[in-house]
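Chemist: Here you go, one structure.
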Amino acid sequence: MATDVGDGHTRTEDGFGAAIGEFRPKRALLGVAGIVAFVAAWWLVSLFQPAYVLPSPPVVVETFYAEAASGEMAAALGQSVRHWLPGTVVGTTLGIAAGVALAWSPLLDGVAAPTVRVLRPVPPLALVGFAVAWFGINHAGAAFIIAVGAFWINFYAAYGGVEGVSSDLLDVARSLGVQGDLELVRSVVLPAALPDVTTGVRTGIGRCWMLVVAAEIFGVPGIGRRILRASNNLQVDVVITYILVLSLLFLLVDVAFRAVQRRVLAWR
Amino acid sequence: MAVDDADLEGDRAHVVVDGVSKHYSSAQEPVRALEDVSFAVDPGEFVCIVGPSGCGKTTLFRIIAGLESATDGTASLDGEPVDGPGPELGVVFQEYLLFPWRTVAGNVGFGLEKQDLTATARDERVRRLLSLVGLEGFGDSYPKELSGGMKQRVAIARALAVDPELLLMDEPFGAVDAQTREMLQDELLEVWHETGKTILFVTHDVEEAITLADRIVVMDSEPGRVREVVDVDLERPRSRSDDGFGRYYERVLEHIRA
């Protein structure tokens, strides 16, 4: 996912990697200019539209403050985190474990491959019925939907990472006295696959924020629910407010995770 | 480079390769990579295997290292048939194959972690090995920060850490520049002198073989087999300009060409 662009900087596909990695004034300036242009365009268009189609930026800012001041925002956020966090953690952990196990063991892979192919294309949203039936309309149900999303991203990232581990490196480890699958996986396979695994985790974290809206579609409270309710009432300013909240949350978590990733992968 | 640590001197093996053959079945016709290869290496001896590419020398290396099995015949270490890789068989590859996520000291200490050693004893051994290969002060560096020659020094120290009975090297200096290669050859002889290890060294470079080896196993290709074993009776350190060097060079080359 990360590509070396040749000048020593690593740029990720969303373009944030380089911007956050080290502060480059020229690039930051371009970014600010882009945001200003976007907001200006939005404002311009909003002048010719009724508020229920597209509210102007100041209106949204006002709503943002109102929602924040009333405590609505904090409440919705608190609710969403209660399924986002467990869903992400559980899905990520299981996805990595399954990906490593299947990529490492031809036996497991042979047994599971057809099942994986059947289950893989199922969109998490299609599992709402199961979420309700198995867990109910609660945080556990929403966490289930989110976990499914996190699972597949991490499954494939870990699978690819483990597949890419050089067999020569494993030979070296064996010749240095490493015995048994578990020990090989722990001391060579996992650290060698870590760059791919962490890229998967990072992608998964972002995907899970998107899934928060889908996971709350059947009535679990949170940011997504708030967006859906506001949509039904044509409160577009509220919708945009919470979209902004989601974006900011994603950015915050992503920056934090990237900092961790850079530390862990300092050897690269 | 010179370290007078008696305890770096360790086990050394008597290696016997007996009738080793390796055949692959391919779509067209079966490939006879190795055909009835036999030779022995005395404890503490430095033996080079030379031959043109395709003579199966890397396959032979992998069989002796326990990384591949022979179709026929056995490689044995002190009378015990090799049936898999392990700490008694130290391997060094051309591509270094360091663990990039570990520091230099972490790489050298890798095999020691699987052994019953206190952390202090482990650190001490790593320190001595790093000084043996001339890398004092680089313990905390990561492989990406090292040159090719330094990486190979780390790989050698890592292989020696677990005190293997046999050090197997597959074209270890094939990826570094000529100057570095000469330096590494000198250093390897020094390490060999310090540790007294049995060394089996695969190369396609005849000069390198004559510079290093007590004996040279010259191999032939298609099928890969031993053409000749040449004893090199030259004083060390050897140099290309030595009287006898050229004669050995001609002789080995003749066997390869013939």
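Ordering of the structure tokens sets the chain letters (A, B, ...); residue numbers start at 1 within each chain; ligands are numbered from 1 in the order shown.
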Give as a PyMOL selection string every residue of chain B that touches chain A within 7 Å, counting only C-alpha atoms.

Modeler: chain B and resi 67+85-87+89-91+97+100-101+111+114+142+162

Chemist: Restricted to all heavy atoms, what would the selected residues look like written as a short mmCIF file (atom, residue, chain, number, x, y, z; two decimals), in the first residue's frame?

Modeler:
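Output file selection38.cif is given in full below:
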data_model
loop_
_atom_site.label_atom_id
_atom_site.label_comp_id
_atom_site.auth_asym_id
_atom_site.auth_seq_id
_atom_site.Cartn_x
_atom_site.Cartn_y
_atom_site.Cartn_z
N LEU B 67 18.83 -28.59 4.20
CA LEU B 67 17.71 -27.78 3.70
C LEU B 67 16.98 -28.46 2.56
O LEU B 67 15.91 -28.04 2.15
CB LEU B 67 18.21 -26.40 3.25
CG LEU B 67 18.89 -25.57 4.34
CD1 LEU B 67 19.51 -24.31 3.75
CD2 LEU B 67 17.90 -25.20 5.44
N PRO B 85 17.98 -29.01 8.99
CA PRO B 85 18.85 -27.92 9.44
C PRO B 85 18.91 -27.89 10.97
O PRO B 85 18.03 -28.41 11.64
CB PRO B 85 18.13 -26.67 8.92
CG PRO B 85 16.71 -27.07 8.77
CD PRO B 85 16.70 -28.53 8.46
N GLY B 86 19.94 -27.29 11.49
CA GLY B 86 20.06 -27.17 12.94
C GLY B 86 21.32 -26.42 13.30
O GLY B 86 22.13 -26.12 12.42
N PRO B 87 21.47 -26.11 14.59
CA PRO B 87 22.56 -25.25 15.02
C PRO B 87 23.95 -25.86 14.81
O PRO B 87 24.94 -25.14 14.90
CB PRO B 87 22.28 -25.03 16.51
CG PRO B 87 21.29 -26.04 16.90
CD PRO B 87 20.55 -26.47 15.68
N LEU B 89 24.88 -26.92 12.03
CA LEU B 89 25.20 -26.57 10.64
C LEU B 89 24.99 -25.08 10.42
O LEU B 89 23.86 -24.63 10.22
CB LEU B 89 24.30 -27.37 9.69
CG LEU B 89 24.48 -28.88 9.71
CD1 LEU B 89 23.23 -29.58 9.22
CD2 LEU B 89 25.68 -29.29 8.87
N GLY B 90 26.07 -24.32 10.48
CA GLY B 90 25.94 -22.88 10.27
C GLY B 90 25.91 -22.55 8.79
O GLY B 90 26.72 -23.07 8.03
N VAL B 91 24.96 -21.72 8.37
CA VAL B 91 24.89 -21.38 6.94
C VAL B 91 25.03 -19.88 6.71
O VAL B 91 24.52 -19.07 7.48
CB VAL B 91 23.56 -21.86 6.28
CG1 VAL B 91 23.53 -23.36 6.17
CG2 VAL B 91 22.37 -21.34 7.04
N LEU B 97 20.72 -12.38 4.00
CA LEU B 97 19.54 -12.85 4.71
C LEU B 97 19.55 -12.52 6.19
O LEU B 97 19.29 -13.38 7.03
CB LEU B 97 19.37 -14.37 4.50
CG LEU B 97 19.09 -14.76 3.05
CD1 LEU B 97 19.09 -16.28 2.90
CD2 LEU B 97 17.74 -14.21 2.61
N PRO B 100 15.82 -8.15 9.02
CA PRO B 100 15.89 -6.68 8.93
C PRO B 100 15.29 -5.97 10.13
O PRO B 100 15.63 -4.83 10.39
CB PRO B 100 15.11 -6.37 7.64
CG PRO B 100 14.28 -7.56 7.37
CD PRO B 100 14.99 -8.73 7.94
N TRP B 101 14.40 -6.65 10.86
CA TRP B 101 13.74 -5.98 11.99
C TRP B 101 14.58 -6.07 13.26
O TRP B 101 14.21 -5.55 14.29
CB TRP B 101 12.38 -6.61 12.25
CG TRP B 101 12.45 -8.08 12.54
CD1 TRP B 101 12.61 -8.66 13.78
CD2 TRP B 101 12.36 -9.16 11.61
NE1 TRP B 101 12.65 -10.02 13.66
CE2 TRP B 101 12.49 -10.36 12.35
CE3 TRP B 101 12.21 -9.22 10.23
CZ2 TRP B 101 12.47 -11.62 11.73
CZ3 TRP B 101 12.18 -10.47 9.62
CH2 TRP B 101 12.31 -11.65 10.37
N GLY B 111 20.27 -16.91 17.37
CA GLY B 111 20.37 -18.34 17.67
C GLY B 111 20.63 -18.60 19.14
O GLY B 111 20.24 -19.65 19.68
N LYS B 114 17.68 -19.22 21.59
CA LYS B 114 17.05 -20.53 21.68
C LYS B 114 17.84 -21.44 22.63
O LYS B 114 17.51 -22.59 22.82
CB LYS B 114 16.97 -21.20 20.30
CG LYS B 114 16.63 -20.27 19.18
CD LYS B 114 15.20 -19.76 19.28
CE LYS B 114 14.95 -18.68 18.25
NZ LYS B 114 14.35 -17.45 18.79
N TYR B 142 20.76 -1.04 12.46
CA TYR B 142 19.89 -1.96 11.74
C TYR B 142 20.55 -2.34 10.42
O TYR B 142 21.33 -1.57 9.86
CB TYR B 142 18.52 -1.31 11.48
CG TYR B 142 17.64 -1.35 12.69
CD1 TYR B 142 17.50 -0.25 13.53
CD2 TYR B 142 16.97 -2.52 13.03
CE1 TYR B 142 16.71 -0.30 14.66
CE2 TYR B 142 16.17 -2.59 14.15
CZ TYR B 142 16.03 -1.47 14.97
OH TYR B 142 15.25 -1.54 16.09
N VAL B 162 26.12 -19.79 17.41
CA VAL B 162 25.61 -21.02 18.02
C VAL B 162 26.65 -22.14 17.98
O VAL B 162 26.33 -23.29 18.23
CB VAL B 162 24.30 -21.49 17.36
CG1 VAL B 162 23.19 -20.50 17.65
CG2 VAL B 162 24.47 -21.63 15.85
#

Chemist: Which polymer residues have any atom within 10 Å of an atom of Val45 (chain A), counting only C-alpha atoms, with same-chain residues fewer than 6 positions away left out, as a PyMOL selection string?

Modeler: chain A and resi 39+54-56

Chemist: Compile the contact shell of region 118-135 of chain B as a list in words: residues with an atom at most 9 Å away, counting only C-alpha atoms, same-chain residues fewer than 2 positions apart removed.

Modeler: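 In the requested format, the answer is Met1, Ala2, Val3, Asp5, Leu8, Val104, Ala105, Gly106, Val108, Gly109, Leu112, Glu113, Asp116, Gly137, Phe138, Gly139, Met150, Arg153, Val154, Ile156, Ala157, Arg158, Leu160, Ala161, Glu187, Leu188, Glu190, Val191 and Glu194 of chain B.
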
Chemist: Pick out the residues sitting within 12 Å of Met169 (chain B), and hand them over as a ChimeraX atom specification; count only C-alpha atoms, and ignore anything fewer than 3 positions along from it in its own chain.

Modeler: /A:172 /B:46-49,57-58,60-62,64-65,89-96,152,155-156,159-160,166,172-174,188,198-203

Chemist: At what distance in Å, to one decimal, does CA of Ala75 (chain A) lie from CA of Trp134 (chain A)?

Modeler: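 We find that CA of Trp134 (chain A) and CA of Ala75 (chain A) lie 25.9 Å from each other.
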
Chemist: Could you work out how far CA of Ala214 (chain A) lies from CA of Leu125 (chain A), giving the answer in Å with one decimal?

Modeler: 6.3 Å

Chemist: Got a sec: who's within 12 Å of Glu222 (chain B), counting only C-alpha atoms, leaving out chain neighbours fewer than 3 positions off, as a list in words?

Modeler: Lys22, His23, Pro30, Val31, Arg32, Ala33, Leu34, Glu35, Gly51, Pro52, Ser53, Gly54, Cys55, Gly56, Lys57, Met219, Arg225, Val226 and Arg227 of chain B

Chemist: Could you write out the selected residues, including N, CA, C and O atoms, as a PDB file, in the first residue's frame?

Modeler:
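Output below, filename selection07.pdb:
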ATOM      1  N   LYS B  22      20.982 -36.168  -6.779  1.00  0.00           N
ATOM      2  CA  LYS B  22      19.710 -35.452  -6.697  1.00  0.00           C
ATOM      3  C   LYS B  22      19.116 -35.365  -8.093  1.00  0.00           C
ATOM      4  O   LYS B  22      19.726 -34.837  -9.021  1.00  0.00           O
ATOM      5  N   HIS B  23      17.959 -35.913  -8.233  1.00  0.00           N
ATOM      6  CA  HIS B  23      17.280 -35.893  -9.528  1.00  0.00           C
ATOM      7  C   HIS B  23      15.972 -35.128  -9.386  1.00  0.00           C
ATOM      8  O   HIS B  23      15.270 -35.279  -8.401  1.00  0.00           O
ATOM      9  N   PRO B  30      14.046 -35.950 -16.989  1.00  0.00           N
ATOM     10  CA  PRO B  30      14.522 -35.801 -15.623  1.00  0.00           C
ATOM     11  C   PRO B  30      15.884 -35.091 -15.592  1.00  0.00           C
ATOM     12  O   PRO B  30      16.733 -35.322 -16.448  1.00  0.00           O
ATOM     13  N   VAL B  31      16.036 -34.184 -14.616  1.00  0.00           N
ATOM     14  CA  VAL B  31      17.292 -33.447 -14.483  1.00  0.00           C
ATOM     15  C   VAL B  31      18.154 -34.134 -13.434  1.00  0.00           C
ATOM     16  O   VAL B  31      17.696 -34.376 -12.316  1.00  0.00           O
ATOM     17  N   ARG B  32      19.377 -34.455 -13.818  1.00  0.00           N
ATOM     18  CA  ARG B  32      20.282 -35.055 -12.841  1.00  0.00           C
ATOM     19  C   ARG B  32      21.193 -33.944 -12.292  1.00  0.00           C
ATOM     20  O   ARG B  32      22.273 -33.702 -12.820  1.00  0.00           O
ATOM     21  N   ALA B  33      20.717 -33.278 -11.258  1.00  0.00           N
ATOM     22  CA  ALA B  33      21.452 -32.140 -10.699  1.00  0.00           C
ATOM     23  C   ALA B  33      22.751 -32.606 -10.052  1.00  0.00           C
ATOM     24  O   ALA B  33      23.782 -31.956 -10.175  1.00  0.00           O
ATOM     25  N   LEU B  34      22.700 -33.732  -9.383  1.00  0.00           N
ATOM     26  CA  LEU B  34      23.894 -34.304  -8.764  1.00  0.00           C
ATOM     27  C   LEU B  34      23.921 -35.801  -9.034  1.00  0.00           C
ATOM     28  O   LEU B  34      22.892 -36.471  -8.960  1.00  0.00           O
ATOM     29  N   GLU B  35      25.099 -36.318  -9.348  1.00  0.00           N
ATOM     30  CA  GLU B  35      25.206 -37.740  -9.665  1.00  0.00           C
ATOM     31  C   GLU B  35      26.363 -38.349  -8.875  1.00  0.00           C
ATOM     32  O   GLU B  35      27.521 -38.052  -9.134  1.00  0.00           O
ATOM     33  N   GLY B  51      32.894 -24.790  -9.491  1.00  0.00           N
ATOM     34  CA  GLY B  51      32.326 -25.401 -10.679  1.00  0.00           C
ATOM     35  C   GLY B  51      31.521 -24.374 -11.418  1.00  0.00           C
ATOM     36  O   GLY B  51      31.164 -23.334 -10.853  1.00  0.00           O
ATOM     37  N   PRO B  52      31.229 -24.640 -12.673  1.00  0.00           N
ATOM     38  CA  PRO B  52      30.442 -23.697 -13.468  1.00  0.00           C
ATOM     39  C   PRO B  52      29.013 -23.644 -12.934  1.00  0.00           C
ATOM     40  O   PRO B  52      28.586 -24.534 -12.201  1.00  0.00           O
ATOM     41  N   SER B  53      28.287 -22.599 -13.312  1.00  0.00           N
ATOM     42  CA  SER B  53      26.894 -22.541 -12.860  1.00  0.00           C
ATOM     43  C   SER B  53      26.147 -23.712 -13.482  1.00  0.00           C
ATOM     44  O   SER B  53      26.418 -24.105 -14.605  1.00  0.00           O
ATOM     45  N   GLY B  54      25.244 -24.274 -12.723  1.00  0.00           N
ATOM     46  CA  GLY B  54      24.499 -25.421 -13.205  1.00  0.00           C
ATOM     47  C   GLY B  54      25.149 -26.742 -12.842  1.00  0.00           C
ATOM     48  O   GLY B  54      24.679 -27.805 -13.234  1.00  0.00           O
ATOM     49  N   CYS B  55      26.249 -26.687 -12.059  1.00  0.00           N
ATOM     50  CA  CYS B  55      26.914 -27.941 -11.704  1.00  0.00           C
ATOM     51  C   CYS B  55      26.315 -28.532 -10.437  1.00  0.00           C
ATOM     52  O   CYS B  55      26.772 -29.556  -9.953  1.00  0.00           O
ATOM     53  N   GLY B  56      25.317 -27.865  -9.893  1.00  0.00           N
ATOM     54  CA  GLY B  56      24.637 -28.422  -8.727  1.00  0.00           C
ATOM     55  C   GLY B  56      25.328 -28.122  -7.417  1.00  0.00           C
ATOM     56  O   GLY B  56      25.012 -28.734  -6.402  1.00  0.00           O
ATOM     57  N   LYS B  57      26.247 -27.140  -7.420  1.00  0.00           N
ATOM     58  CA  LYS B  57      26.968 -26.899  -6.171  1.00  0.00           C
ATOM     59  C   LYS B  57      26.070 -26.292  -5.088  1.00  0.00           C
ATOM     60  O   LYS B  57      26.227 -26.601  -3.911  1.00  0.00           O
ATOM     61  N   MET B 219      33.852 -29.353  -9.574  1.00  0.00           N
ATOM     62  CA  MET B 219      32.651 -30.048 -10.053  1.00  0.00           C
ATOM     63  C   MET B 219      32.394 -29.811 -11.532  1.00  0.00           C
ATOM     64  O   MET B 219      32.840 -28.856 -12.127  1.00  0.00           O
ATOM     65  N   ARG B 225      28.779 -33.647 -10.919  1.00  0.00           N
ATOM     66  CA  ARG B 225      29.554 -34.645 -10.178  1.00  0.00           C
ATOM     67  C   ARG B 225      30.966 -34.123  -9.926  1.00  0.00           C
ATOM     68  O   ARG B 225      31.368 -33.109 -10.497  1.00  0.00           O
ATOM     69  N   VAL B 226      31.687 -34.848  -9.060  1.00  0.00           N
ATOM     70  CA  VAL B 226      33.040 -34.415  -8.728  1.00  0.00           C
ATOM     71  C   VAL B 226      33.975 -34.804  -9.858  1.00  0.00           C
ATOM     72  O   VAL B 226      34.061 -35.972 -10.241  1.00  0.00           O
ATOM     73  N   ARG B 227      34.648 -33.798 -10.408  1.00  0.00           N
ATOM     74  CA  ARG B 227      35.592 -34.098 -11.476  1.00  0.00           C
ATOM     75  C   ARG B 227      36.966 -34.396 -10.893  1.00  0.00           C
ATOM     76  O   ARG B 227      37.672 -35.292 -11.357  1.00  0.00           O
TER      77      ARG B 227
END

Chemist: Could you pull out the alpha helix (DSSP H) residues of region 9-247 of chain A, going by DSSP on the backbone, and write them as a count of residues only?

Modeler: 184

Chemist: Using CA of Gly44 (chain B) and CA of Ala13 (chain B) as the two end points, give the distance in Å to one decimal.

Modeler: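 Computing the Euclidean distance for CA of Gly44 (chain B) and CA of Ala13 (chain B) yields 7.2 Å.
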
Chemist: Using DSSP on the backbone coordinates, identify the residues of region 68-217 of chain B assigned to strand (DSSP E); present them as a PyMOL selection string.

Modeler: chain B and resi 72-77+80-81+89-92+166-170+198-203+215-217

Chemist: Any chance you could export the current selection's C-alpha atoms as a short mmCIF file (atom, residue, chain, number, x, y, z; two decimals), in the first residue's frame?

Modeler:
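Now in part-v7.cif:
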data_model
loop_
_atom_site.label_atom_id
_atom_site.label_comp_id
_atom_site.auth_asym_id
_atom_site.auth_seq_id
_atom_site.Cartn_x
_atom_site.Cartn_y
_atom_site.Cartn_z
CA ASP B 72 20.21 -41.00 -3.09
CA GLY B 73 23.19 -41.16 -0.75
CA THR B 74 23.85 -39.28 2.46
CA ALA B 75 25.74 -36.36 3.87
CA SER B 76 26.90 -37.02 7.41
CA LEU B 77 28.41 -35.02 10.21
CA GLU B 80 25.46 -38.86 11.91
CA PRO B 81 23.41 -38.48 8.72
CA LEU B 89 25.20 -26.57 10.64
CA GLY B 90 25.94 -22.88 10.27
CA VAL B 91 24.89 -21.38 6.94
CA VAL B 92 25.87 -18.16 5.21
CA LEU B 166 30.47 -26.95 10.25
CA LEU B 167 30.28 -23.54 8.60
CA LEU B 168 28.64 -23.78 5.18
CA MET B 169 28.94 -20.81 2.85
CA ASP B 170 27.25 -20.43 -0.53
CA THR B 198 35.50 -26.82 9.52
CA ILE B 199 34.46 -24.69 6.54
CA LEU B 200 32.78 -25.74 3.32
CA PHE B 201 32.74 -22.84 0.89
CA VAL B 202 30.91 -22.84 -2.44
CA THR B 203 32.14 -20.47 -5.15
CA ARG B 215 41.43 -28.53 -0.83
CA ILE B 216 39.26 -27.74 -3.81
CA VAL B 217 36.47 -30.00 -4.98
#

Chemist: What's the 7 Å shell around Pro124 (chain A), counting only C-alpha atoms, without same-chain residues fewer than 4 positions away, as a list in words?

Modeler: Ile145, Val148 and Gly149 of chain A
